[in-house]
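Beneath this line is the structure, given in structure tokens, with notes to follow.
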Amino acid sequence: MAIAHFVASGMGGIRSAGDLVARVEYDKNLKVDKAKEYVAKKLGISTLDIADEHIMRDLREELKIGVITGVPGAPRGIAAKMNIEKLLGIKINSCEKFREQIR
């Protein structure tokens, strides 16, 4: 079951940087190629590396921006999204809503 979950949960883009590129596309109103360049620059890697799930797994864990499988002590959910916001310089609606609720 663990392998099936690992494969199925990767379809949303978190195995590489697809989710990050999509967020930048919508937030900054960029085309895919420009969004990839933006994300790669922010992550300090090449545009080819953002599609490599092995490189991205280590990088996502290091930057605390979420990984597929649970890692003890690593941020998940809203905490990972807030780290994504800071790293990419974008706004995420769910993070804004969360901040409103805790005030």
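Identifiers in the structure tokens: chain A, B, ... in order shown; residue index from 1 per chain; ligand index from 1 in order shown.
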
| request: Skip range 51-56 of chain A itself and residues of its chain fewer than 4 positions away, then list as JSON, numbers by chain all residues within 10 Å of it, counting only C-alpha atoms. | output: {"A": [10, 13, 14, 15, 16, 17, 18, 36, 43, 45, 46, 47, 60, 61, 62, 67]}

Using C-alpha atoms, can you export the residues from the last selection as a PDB file, in the first residue's frame?
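Result saved to again_14.pdb:
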ATOM      1  CA  GLY A  10       2.957  12.114  -6.941  1.00  0.00           C
ATOM      2  CA  GLY A  13       3.370  17.657  -9.158  1.00  0.00           C
ATOM      3  CA  ILE A  14       4.979  17.497  -5.726  1.00  0.00           C
ATOM      4  CA  ARG A  15       7.396  14.801  -6.898  1.00  0.00           C
ATOM      5  CA  SER A  16       9.204  17.506  -8.832  1.00  0.00           C
ATOM      6  CA  ALA A  17       8.353  21.214  -9.094  1.00  0.00           C
ATOM      7  CA  GLY A  18       5.096  21.156 -11.057  1.00  0.00           C
ATOM      8  CA  LYS A  36       9.945  27.421 -14.891  1.00  0.00           C
ATOM      9  CA  LEU A  43      15.600  27.363  -6.094  1.00  0.00           C
ATOM     10  CA  ILE A  45      18.973  25.036  -9.921  1.00  0.00           C
ATOM     11  CA  SER A  46      18.603  24.651 -13.691  1.00  0.00           C
ATOM     12  CA  THR A  47      15.275  24.391 -15.486  1.00  0.00           C
ATOM     13  CA  ARG A  60      12.162  20.107  -1.149  1.00  0.00           C
ATOM     14  CA  GLU A  61      13.186  18.431   2.096  1.00  0.00           C
ATOM     15  CA  GLU A  62      16.108  20.840   2.597  1.00  0.00           C
ATOM     16  CA  VAL A  67       7.513  16.123   0.209  1.00  0.00           C
TER      17      VAL A  67
END

| query | If we count only C-alpha atoms, what is near Asp27 in chain A at a cut-off of 8 Å, once residues fewer than 4 positions away on the same chain are taken out, given as a ChimeraX atom specification? | reply | /A:23,90-91

| task | Can you pull out every residue within 12 Å of Lys34 in chain A, counting only C-alpha atoms, but drop anything in the same chain fewer than 5 positions away, and send it as a ChimeraX atom specification? | result | /A:21-22,24-26,28-29,39-41,47

With N, CA and C atoms retained, write the just-selected residues as a tab-separated table (two decimals), in the first residue's frame.
chain	number	residue	atom	x	y	z
A	21	VAL	N	5.69	25.59	-10.12
A	21	VAL	CA	5.58	26.28	-11.41
A	21	VAL	C	4.15	26.76	-11.63
A	22	ALA	N	3.18	25.91	-11.33
A	22	ALA	CA	1.77	26.29	-11.51
A	22	ALA	C	1.41	27.48	-10.62
A	24	VAL	N	3.38	29.84	-9.55
A	24	VAL	CA	4.01	31.04	-10.10
A	24	VAL	C	3.29	31.49	-11.37
A	25	GLU	N	2.89	30.53	-12.21
A	25	GLU	CA	2.15	30.87	-13.43
A	25	GLU	C	0.94	31.73	-13.11
A	26	TYR	N	0.15	31.29	-12.14
A	26	TYR	CA	-1.08	32.00	-11.81
A	26	TYR	C	-0.83	33.28	-11.04
A	28	LYS	N	1.96	35.22	-10.89
A	28	LYS	CA	2.73	36.23	-11.62
A	28	LYS	C	2.26	36.41	-13.06
A	29	ASN	N	1.23	35.63	-13.47
A	29	ASN	CA	0.68	35.69	-14.81
A	29	ASN	C	1.76	35.46	-15.88
A	39	VAL	N	11.07	29.80	-11.13
A	39	VAL	CA	11.19	28.82	-10.05
A	39	VAL	C	12.61	28.29	-9.95
A	40	ALA	N	13.20	27.95	-11.09
A	40	ALA	CA	14.57	27.42	-11.09
A	40	ALA	C	15.54	28.43	-10.49
A	41	LYS	N	15.37	29.70	-10.84
A	41	LYS	CA	16.24	30.74	-10.30
A	41	LYS	C	16.07	30.87	-8.79
A	47	THR	N	16.65	24.72	-15.11
A	47	THR	CA	15.27	24.39	-15.49
A	47	THR	C	15.11	22.90	-15.76

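Going from CA of Lys42 in chain A over to CA of Ile65 in chain A, you cover 12.8 Å.
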
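The coordinates place CA of Lys64 in chain A at 8.7 Å from CA of Ala79 in chain A.
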
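Separating CA of Leu59 in chain A from CA of Arg99 in chain A is a distance of 26.4 Å.
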
| message | Among chain A, which residues does DSSP mark as helix (DSSP H, G or I) when it is run on the backbone? Keep the chain and numbering as in the structure and answer as an MDAnalysis selection string. | response | chainID A and resid 2:12 18:28 32:43 49:51 53:63 77:88 93:102

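Excluding Leu63 in chain A itself and any same-chain residue fewer than 6 positions from it, the protein and nucleic acid residues within 9 Å of it, counting only C-alpha atoms, are A:Leu43, A:Asn83, A:Ile84, A:Leu87.
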